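Taking it in order: structure first as structure tokens, then the write-up.
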Amino acid sequence: MEKTYQPEQIETRWYERWEADNRFAPSGQGTPFSIMIPPPNVTGSLHMGHAFQDTIMDTLTRWKRMQGNNTLWQVGTDHAGIATQMLVERKVAAEEGKSRHDLGREAFIDKVWEWKEESGGHITRQLRRMGASVDWSRERFTMDNGFYKAVQEVFVRLYDEGLIYRGKRLVNWDPKFETAISDLEVENKEVDGHMWHFKYPLAGGESYEYIEKDADGNITFRENRDYISIATTRPETMLGDGAVAVNPADDRYAALIGKLCEIPVGPKEHRRLIPIIADEYPDPDFGSGAVKITGAHDFNDYEVAKRNGIPLYNLMDRKAHMRNDGLSYEESAALAAKAAKGEDIGNVDEVNLVPTELRGLDRLDARRQIVEVVTAEGLAVTAADAEGNEQPLVEHKKLMQPFGDRSGVVIEPYLTDQWFVAVETLAKPAIEAVENGDIQFVPKNYENMYFAWMRDLQDWCISRQLWWGHRIPAWYDAEGNIYVARSEQEAREKNGLAADVTLTQDEDVLDTWFSSGLWTFGTLGWPEQTPELETFHPSSVLVTGFDIIFFWVARMIMMTLKFTGEVPFKQVYVHGLVRDGQGQKMSKSKGNVLDPIDLIDGIELDTLIEKRTGNMMQPQKAKAIAKATRDDFKDGIEPHGTDALRFTFLSQATTGRDIKFDMSRLDGYRNFCNKLWNASRYVLMNADGEDCGVNGEQVELSLADRWIISQLQKTEAQVTKAMDEYRFDHASQALYEFIWNEYCDWYLELSKPVLWDENASAASKRGTRRTLVRVLEAILRLAHPMMPFISEEIWQRIAPLAGTHAGDNDSVMVQPWPEADQSKVDEQTTRDIEWLKGVIIAVRNIRAEMNIAPGKPLDVLLTKGKPEDAERLEKNRLFLAKLAKLESVTWLENPDDAPLSATQLVGDMEVLVPMADLIDKDTELARLNKEIEKQDKLIGGIEKKLGNEGFIAKAPEAVVEKERGKLAEFQAAKKLLEEQRAKIEAL
RNA sequence: AGGACCAUAGCUCAGUUGGUUAGAGCGCCACGUUGACAUCGUGGAGGUCGGCGGUUCAAAUCCGCCUGGUCCUACCA
């Protein structure tokens, strides 16, 4: 074996071997256990979140597999509609200078598939680097034919049941991608904005007395007005106003309800009049209390408009430019005027209220012009500035503005025909499944988040105006009648349409999440009733981030219950986000992204900087990012190996909260791998080719042997319990603790005196070798789900010595998970070893405090102990001498015979290192005083407790007894320390 | 505005149903290389558990309020 652990030499090799040996497929034996991977985007590359999540899933999967379950980890990728289309569009533009429209739909889709075949496997290759034991033979892609069949089936059935409908609704519109998006794909961000205040003059020059009152009804302001004051952050929408609404309880405007006012924009001769209506929506205490209603461009206004029969005038096109189609402004304004008077003008689609000079402008340019014109006309509300001059009132304020999470552009509410899922009836059973425990969230508090969202569900807009995705299985005839079916042919048959009736398929595709919602059962062959579906559905656990509960988890629950009558998974393990060392979200624009592969393989500083600053949206940040990177990673990143990275994730995986990724812990766990490596090296050096008792030869087990076996049982139980509870931090901690602090620090050291003792019996040497090997072999099995590579590499060498290796094709992957054997837990042995460790530490302590060289042989006396201490000394003389580097150890019956010594306590017993000539009186006195003080404090605390009548009366007897015991112990210790102090003082 | 989560050593975090001498890793200080490992070993320093109040015989732990932080949802023209 190499002297240090070299992960790069073993990881890829083992992964290829496992895959070639078909180790990842279900065994076909045992209780089914299945996990469906949250499908990563096919365009994606592995980020820290994936790496974290995959580590957890793989750890669970390997663990369950070793426990003998019929284990399936189902893998696949998601076609990621917008992201993929965007990527291929860019590629085609760069390579051929063509847009997707130049190519046409079919040719473009071909390009996407080409791209997918070439580059779509990037993330799955990276998944292999993480050691993920997914069943590659069952890999699925959401655009696969089989999966498409499931998607179509679901669509058709929901439509037939009336749960999918098409309608004109206000939706979130992404003007960059020219598609509808769901509200979950919208990110609300705070931006600096303006709020303008404009005067809407009353029709016919009417005026009224505007009166403001305070809370007590006293008049605080009155003036004569011939307008109503309106505020807006989007002046361009004024063009599409259909009404001004005031609250019916607002006295200021009560007299105006039913009257008309004028929108202060557009050609003077065609100024539009709109009604002033009463609605509960306006808040009298906010702004002027009057709200302009633009039903086609604002979600709140849309509701008001619907309630009051106000027309919805669309002002923009798909690019969010001001419309340049439909009727002329004059014709449109005339129609709108009729509508304002309450006349029915029918379909308003052709009505284009954008004045000629604004048509075709971007909405923001239109906004500027409108503000200018209205202000010039004197219809801006004014306020006095610092010098007392009246100025147009423009408030600078923070606005929450919607942005597309992929496009980054401002999202517009936009009126279009879209397909929707009516979610109400689907939501009910989905809520119940969580309420009644069929699905459990871990940690449980995420259930509240789920309920909160499910209780307030909007119909889900599932159509997207994209080319890449599952095309909607709906056809239209010339009259616009809709026929939904699994194919054009079925549409004809179902509806008795003649062959000469022309049908055209809907152009739109489905939201990617619509197909992802079918993931758990769609991947198992549904709608066919396959054996896989029977065996592995519902899946056992879903591992996912909380940010995706709405997008995906909730929808999976709804869809799966609807179509299979089963829950998609029994448990949902929700993990936190992986953040950088400072707790910042990792993002390209912040330049703080870590690539898991770089942590595994290492990366030069310059390459890392190049990676972080290359191809940036905001190049001006490059310098700061380069500096920050230089500060954080002076020498780049060293290679750590996959196992160390996995172990780091696991150790930081506490209950559901975000993790700050800690590089120093990554270093620490790489060292841990090295520790395990070297411990194994030691074992091999001492056991390979030696008699390890594989054939059941007689052995003699030392105290240390029995102790480490006992500790192993406890560790096995701890790790198993922690895994059961998804406490990967506890599981990894227990393993770390055992390997480093027990097996390496103590047991390996304790094995040396036996193995190196020429006088030791063959049976005792054999016993120690057997224990060394067997315990290590168990450790490797225990470690395997967390650290698959190093455990396999070492296991292959160790297992033959332990007699558990079944030949060339064997693997630790398929070994049984270690189960604790309670009969091997030996508390007496544990106490004995604790005693031994206590004495050794006491001697080391004295050495450190007295400045005695670690290697200098010492003569040590033990005294004042109980008879069992003397016995322990006799049994452990060899160990003691070796580990504490002692020349001799003597049991002193009469403490009065003790020479002047440095002392330490082990229980009641005193450890003495005679050093008459060496002792530093002052140092030793100071130390003793400090010790005594400490005991005093402890004693004081307990005496206070025991002096409390309430405590004696009410606390459980066992607790009181325990306190009494402690008191006695501390008092005895103090007494010994005082005696020692007296001796030193007497010098 | 509503809700969730968090606050424990210089840093990253554990701390089960209240009873521990409040722990780990990293970092820090001192010492140490003869054979598993300097990616190491040995010893050590370092915390009034964010603040205030309450419940209790007993609070890092349960309850309330406050402060600070993170996030989600809704946002008001």
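As shown in the structure tokens, the chain order sets the letters A, B, ...; within each chain, residues go from 1, and ligands are also counted from 1 in the order they appear.
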
Could you tell me which residues of chain B sit within 10 Å of chain A when counting only C-alpha atoms (C1' of nucleotides), and give me the result as a PyMOL selection string? chain B and resi 3-6+11-14+19+21+24-27+30-32+36-37+39-44+57-58+70-73+75-77

Please report, as an MDAnalysis selection string, each residue of stretch 273-373 of chain A to which DSSP assigns helix (DSSP H, G or I) when run on this structure's backbone. chainID A and resid 299:308 329:340 356:358 363:373

Between atom CA of A:Asp349 and atom CA of A:Ala333, measure the distance and give it in Å to one decimal.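 Atom CA of A:Ala333 lies 13.2 Å from atom CA of A:Asp349.
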
If you count only C-alpha atoms (C1' of nucleotides), which residues fall within 6 Å of stretch 510-512 of chain A, apart from same-chain ones fewer than 2 positions away, as an MDAnalysis selection string? chainID A and resid 80:81 462:464 470 514:515

File of the preceding selection, C-alpha atoms, as a PDB file, in the first residue's frame:
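File again-v4.pdb, as written:
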ATOM      1  CA  ALA A  80     -35.716  21.403 -18.993  1.00  0.00           C
ATOM      2  CA  GLY A  81     -37.809  23.194 -21.598  1.00  0.00           C
ATOM      3  CA  ILE A 462     -49.242  24.255 -17.909  1.00  0.00           C
ATOM      4  CA  SER A 463     -48.811  25.511 -21.459  1.00  0.00           C
ATOM      5  CA  ARG A 464     -45.568  27.051 -22.617  1.00  0.00           C
ATOM      6  CA  HIS A 470     -44.073  17.590 -24.684  1.00  0.00           C
ATOM      7  CA  PHE A 514     -45.988  18.700 -15.593  1.00  0.00           C
ATOM      8  CA  SER A 515     -43.926  15.752 -16.763  1.00  0.00           C
TER       9      SER A 515
END

Please measure the separation of atom CA of A:Ala296 and atom CA of A:Val423, giving the value in Å to one decimal. 23.5 Å

List every residue of stretch 573-610 of chain A that DSSP, applied to the backbone, labels as strand (DSSP E or B), and write the result as an MDAnalysis selection string. chainID A and resid 573:575 578:579 585 603

Test item: residues at most 9 Å from stretch 903-919 of chain A, only C-alpha atoms (C1' of nucleotides), excluding those fewer than 4 positions along its chain, as a list in words: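 In the requested format, the answer is Trp835, Gly838, Val839, Ala842, Val843, Asn845, Ile846, Met850, Leu858, Asp859, Val860, Leu861, Leu862, Thr863, Lys864, Gly865, Lys866, Asp869, Ala898, Pro899, Thr923, Glu924, Glu969, Ala972, Ala973, Leu976, Leu977 and Gln980 of chain A.
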